[in-house]
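Enquirer: For reference, the structure I am asking about is given below.
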Number of protein chains: 2
Amino acid sequence: MLESKSKEAALESVAGNGLLHRRIFIAQGTALLGAGGLGLLTPSLAAAQRLPNLAKVPGKSMSGYGNRSPYEAHIERNNILSYPGTTGSGGSWTPLESLEGIITPSALHFERHHSGVPDIKPEEHRLLIHGLVDRPLVFDLDALSRYPMVSRIQFIECSGNSRVGEGALPVQKTCGGLHGLLSCSEWSGVPLSILLDEAGVDPKARWLLAEGADSAAMTRSVPMAKAMDDALIALYQNGERLRPSNGYPMRLLLPGYEGNASIKWLRRIKVTSGPTMTRNETAEYTDTRPDGSSLLFTFEMEVKSVITAPSLGRSMRQPGLYEISGLAWSGAGRISKVEVSVDGGKSWGLAALADPVLSKSFTRFRAAWRWNGTPAVIMSRAFDESGAQQPSRKQLLEARGLKRNYHYNAIQSWKIAANGEVTNVHA
Amino acid sequence: MLESKSKEAALESVAGNGLLHRRIFIAQGTALLGAGGLGLLTPSLAAAQRLPNLAKVPGKSMSGYGNRSPYEAHIERNNILSYPGTTGSGGSWTPLESLEGIITPSALHFERHHSGVPDIKPEEHRLLIHGLVDRPLVFDLDALSRYPMVSRIQFIECSGNSRVGEGALPVQKTCGGLHGLLSCSEWSGVPLSILLDEAGVDPKARWLLAEGADSAAMTRSVPMAKAMDDALIALYQNGERLRPSNGYPMRLLLPGYEGNASIKWLRRIKVTSGPTMTRNETAEYTDTRPDGSSLLFTFEMEVKSVITAPSLGRSMRQPGLYEISGLAWSGAGRISKVEVSVDGGKSWGLAALADPVLSKSFTRFRAAWRWNGTPAVIMSRAFDESGAQQPSRKQLLEARGLKRNYHYNAIQSWKIAANGEVTNVHA
């Protein structure tokens, strides 16, 4: 393909090693890419002009509930893990490296169950609100469905997500294998504040206890302030009713909080004066400090980002122009900016943030990189509207030691070899 | 449950027959609903406090690609229709009345195929760009995946959607059965403008021809201005690769245009000086006027809204407070407001619009209604940022006659009987 010197020159470099200005992703700037800028090898023209054989036979008919292509069936949740001696205590990881945009398909939403997925008949399920209230209330699904609802696109991240990053040696897994206890859906449901108002909360109440109907009877304490702020009783996920693995027929959704607190298969909310100190907030889901003491109730997931492409398993094939694509999110609110480095952190350039940039949601970021075919280390760092910045691995480990095991939000780096292969490195 | 006179009084009426102020859907206003405002009958407290039997047995384990609850398997695309004598020419309708939020699950996205769904092997598929260009280009899926992408949440509506509304007698179908050739997804893909810039468009070119790889060889002409504005080569739908029924492995996406023009299984784009006048833009997808002449290339879908609940099949059960929920959309841009009437159009009140309100996307609207148990007719009307307003059925038919058969965007009304049953009426 021809090259246009003037257009090439307009592909302004904004940081070392070929990182380009994000204007490539702004509609009016696309002309900059013209005239063979991407330098791709293209297959034969003659072959592409022949009518495909497919076009000569009728296709399949319509269906009631559609399926994906059989050629995509290898895209699955991975790391599927059941702890020895348990039934269904374990997890499965979202294949982030195979997805685009900000919505995670419900069939690929990560799982973390403590005693498997219960088989709940919706007409038998009840939600009880009791404890320090003027009048205890019980709701069936039909009753809840009459209440005012809200819809929000928000992420859920397990507080143990990415914690293999603490290890001295970088683990060689895909982006989803490292960071895939993380998904983002459109959730629709009833604000918990409406139900609590109807029950009449005692002025002494400062917390509540939420309990699931699974056989782990998962229970967590939640601050009343969060319950009255943006907590939802979620009934729908990505348009349809919740999936069983996400709490069908109803779950608590605490936007921005560690996933474990958003109790699935929610059956009971007890309004209390203080936290209940359940097993899952004392023996687990606490953060051990270097001195051996533990932080309790560290709910909010910190600002973080990951590069989904290129990444391990999504190699580069030849020098040239590439899109770097990734996800950023923060439990504190909106992402304010994402910076990308393609020279191992020596210099950084702004990534483009794709609309819509929503609070406590995935934000898709994109950067353009002209790779010259020599080895390189790429990484991203996110900033949120609270002013927080994603730390380097070194900063994080120095600040909190190695015993914490939850809330690992350090920058992660991919190394591109000269042959285009991608590995995970501690840079 | 107790009643609180002061809180009741704060549920301000904004239009006749019990339509309430939309502040109920604004977080700070939820306290207004407190103290038994919804007046729901609740099941037994004692039963709800007993541990469910489910909680005594471990649940199912994790899975690679999840499924929905078997208790939701009755939610399917409906009206499934294959025209007599054809294989796979027909459609299936999204069950809008069973969904919440703005995302349509990909498995329930409506279908309208002209010769079924082809079985395309992704590694064999090519996109050819040729015609009035400096250099023809051919792309395979891997090559396309290196280009800068954008993601957008946008609706697709078949131009024939809702056209049963033209009939003299109102058809008794669900909301999805009437209006479900309509869905909304997050689409990710490569802006067509980038590929056209790379091919180098001849200054004489004003149109292009897009062709699908199905055996109908669906072809439509598209104005160059639209191609250079916001047209996408879509590769992903709701996070994962396109479903086969939505054009796997790639489709054209022309936001806001009638669905037929967003060619599925896209295999070829030919840059042309004028429209090609294909069968599907002359014999079909044209709008016949009262004088017998036809409008061609009426691409943009007009501003429109439907109430999804209550609706036929989603009856009311007793007098009291209800949420009215619905969808609004416009091919011209953002929805600016939606008004709801619960007295047959005599008076109207503003509905609450759920964030995010995006261009050429679904907008979920909600209104609160205290139904007094007497028969009522409810309806919604949408307005967009271009200043357009959804017309009444009478206005629409007077303006354009009965022969048009496409682009039917009139207000549709539901009648609530005293027993709570809902029917479709021409009001």
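Chains: A, B, ... in order of the structure tokens. Residues: from 1 per chain. Ligands: from 1, in order shown.
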Would you give me, as JSON lines, each residue of stretch 290-393 of chain B having an atom within 9 Å of an atom of stretch 175-184 of chain B, along with its shortest atom pair and that distance in Å to one decimal, using only C-alpha atoms and sorting by chain and residue number?
Expert:
{"residue": "B:Val306", "atom": "CA", "partner": "B:Cys175", "partner_atom": "CA", "distance": 7.7}
{"residue": "B:Ile307", "atom": "CA", "partner": "B:Cys175", "partner_atom": "CA", "distance": 7.6}
{"residue": "B:Thr308", "atom": "CA", "partner": "B:Cys175", "partner_atom": "CA", "distance": 6.0}
{"residue": "B:Ala309", "atom": "CA", "partner": "B:Cys175", "partner_atom": "CA", "distance": 8.6}
{"residue": "B:Ser311", "atom": "CA", "partner": "B:Cys175", "partner_atom": "CA", "distance": 6.4}
{"residue": "B:Leu312", "atom": "CA", "partner": "B:Cys175", "partner_atom": "CA", "distance": 6.7}
{"residue": "B:Gly313", "atom": "CA", "partner": "B:Cys175", "partner_atom": "CA", "distance": 8.8}
{"residue": "B:Ser361", "atom": "CA", "partner": "B:Cys184", "partner_atom": "CA", "distance": 6.7}
{"residue": "B:Phe362", "atom": "CA", "partner": "B:Cys184", "partner_atom": "CA", "distance": 6.4}
Enquirer: Grab the residues selected above and save them as an mmCIF file, in the first residue's frame with C-alpha atoms.
Expert:
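result.cif was written with the following content:
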data_model
loop_
_atom_site.group_PDB
_atom_site.id
_atom_site.type_symbol
_atom_site.label_atom_id
_atom_site.label_comp_id
_atom_site.auth_asym_id
_atom_site.auth_seq_id
_atom_site.Cartn_x
_atom_site.Cartn_y
_atom_site.Cartn_z
ATOM 1 C CA VAL B 306 -43.576 2.179 24.199
ATOM 2 C CA ILE B 307 -44.760 1.274 27.691
ATOM 3 C CA THR B 308 -43.422 -2.188 28.603
ATOM 4 C CA ALA B 309 -45.157 -2.404 32.000
ATOM 5 C CA SER B 311 -48.789 -4.063 29.299
ATOM 6 C CA LEU B 312 -50.748 -6.925 27.773
ATOM 7 C CA GLY B 313 -49.868 -10.019 29.819
ATOM 8 C CA SER B 361 -29.895 4.287 22.002
ATOM 9 C CA PHE B 362 -32.712 3.006 24.181
#
Enquirer: Per DSSP on the backbone, what are the alpha helix (DSSP H) residues of stretch 127-365 of chain B, as a list in words?
Expert: Leu141, Asp142, Ala143, Leu144, Cys175, Gly176, Gly177, Leu178, His179, Leu192, Ser193, Ile194, Leu195, Leu196, Asp197, Glu198, Ala199, Met224, Ala225, Lys226, Ala227, Met228, Asp229, Arg279, Asn280, Glu281 and Thr282 of chain B
Enquirer: List the spatial neighbours of A:Pro244 as a PyMOL selection string - criterion: any atom at most 8 Å away, only C-alpha atoms, same-chain residues fewer than 3 positions off excluded.
Expert: (chain A and resi 117-119+247-249) or (chain B and resi 67-69)
Enquirer: Would you mind exporting N, CA and C atoms of the selected residues as a PDB file, in the first residue's frame?
Expert:
ATOM      1  N   VAL A 117     -24.249 -23.160  43.405  1.00  0.00           N
ATOM      2  CA  VAL A 117     -25.358 -22.328  42.912  1.00  0.00           C
ATOM      3  C   VAL A 117     -26.674 -23.009  43.283  1.00  0.00           C
ATOM      4  N   PRO A 118     -27.464 -22.429  44.197  1.00  0.00           N
ATOM      5  CA  PRO A 118     -28.728 -23.083  44.569  1.00  0.00           C
ATOM      6  C   PRO A 118     -29.767 -23.000  43.457  1.00  0.00           C
ATOM      7  N   ASP A 119     -30.651 -23.950  43.450  1.00  0.00           N
ATOM      8  CA  ASP A 119     -31.711 -24.051  42.440  1.00  0.00           C
ATOM      9  C   ASP A 119     -32.989 -23.466  43.044  1.00  0.00           C
ATOM     10  N   GLY A 247     -27.144 -14.993  41.442  1.00  0.00           N
ATOM     11  CA  GLY A 247     -28.037 -14.732  42.564  1.00  0.00           C
ATOM     12  C   GLY A 247     -29.512 -14.860  42.289  1.00  0.00           C
ATOM     13  N   TYR A 248     -29.899 -15.434  41.163  1.00  0.00           N
ATOM     14  CA  TYR A 248     -31.318 -15.581  40.819  1.00  0.00           C
ATOM     15  C   TYR A 248     -32.109 -16.123  42.005  1.00  0.00           C
ATOM     16  N   PRO A 249     -33.252 -15.520  42.345  1.00  0.00           N
ATOM     17  CA  PRO A 249     -33.919 -14.434  41.622  1.00  0.00           C
ATOM     18  C   PRO A 249     -33.566 -13.024  42.110  1.00  0.00           C
TER      19      PRO A 249
ATOM     20  N   ASN B  67     -25.780 -20.587  31.925  1.00  0.00           N
ATOM     21  CA  ASN B  67     -27.140 -20.604  31.409  1.00  0.00           C
ATOM     22  C   ASN B  67     -28.055 -19.813  32.327  1.00  0.00           C
ATOM     23  N   ARG B  68     -29.238 -19.471  31.784  1.00  0.00           N
ATOM     24  CA  ARG B  68     -30.217 -18.813  32.638  1.00  0.00           C
ATOM     25  C   ARG B  68     -30.983 -19.851  33.437  1.00  0.00           C
ATOM     26  N   SER B  69     -31.776 -19.378  34.364  1.00  0.00           N
ATOM     27  CA  SER B  69     -32.570 -20.283  35.196  1.00  0.00           C
ATOM     28  C   SER B  69     -33.584 -21.042  34.345  1.00  0.00           C
TER      29      SER B  69
END
Enquirer: If you measure from atom CA of B:Met62 to atom CA of A:Gly90, what distance in Å do you get, rounded to one decimal?
Expert: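 Separation of atom CA of B:Met62 and atom CA of A:Gly90: 7.6 Å.
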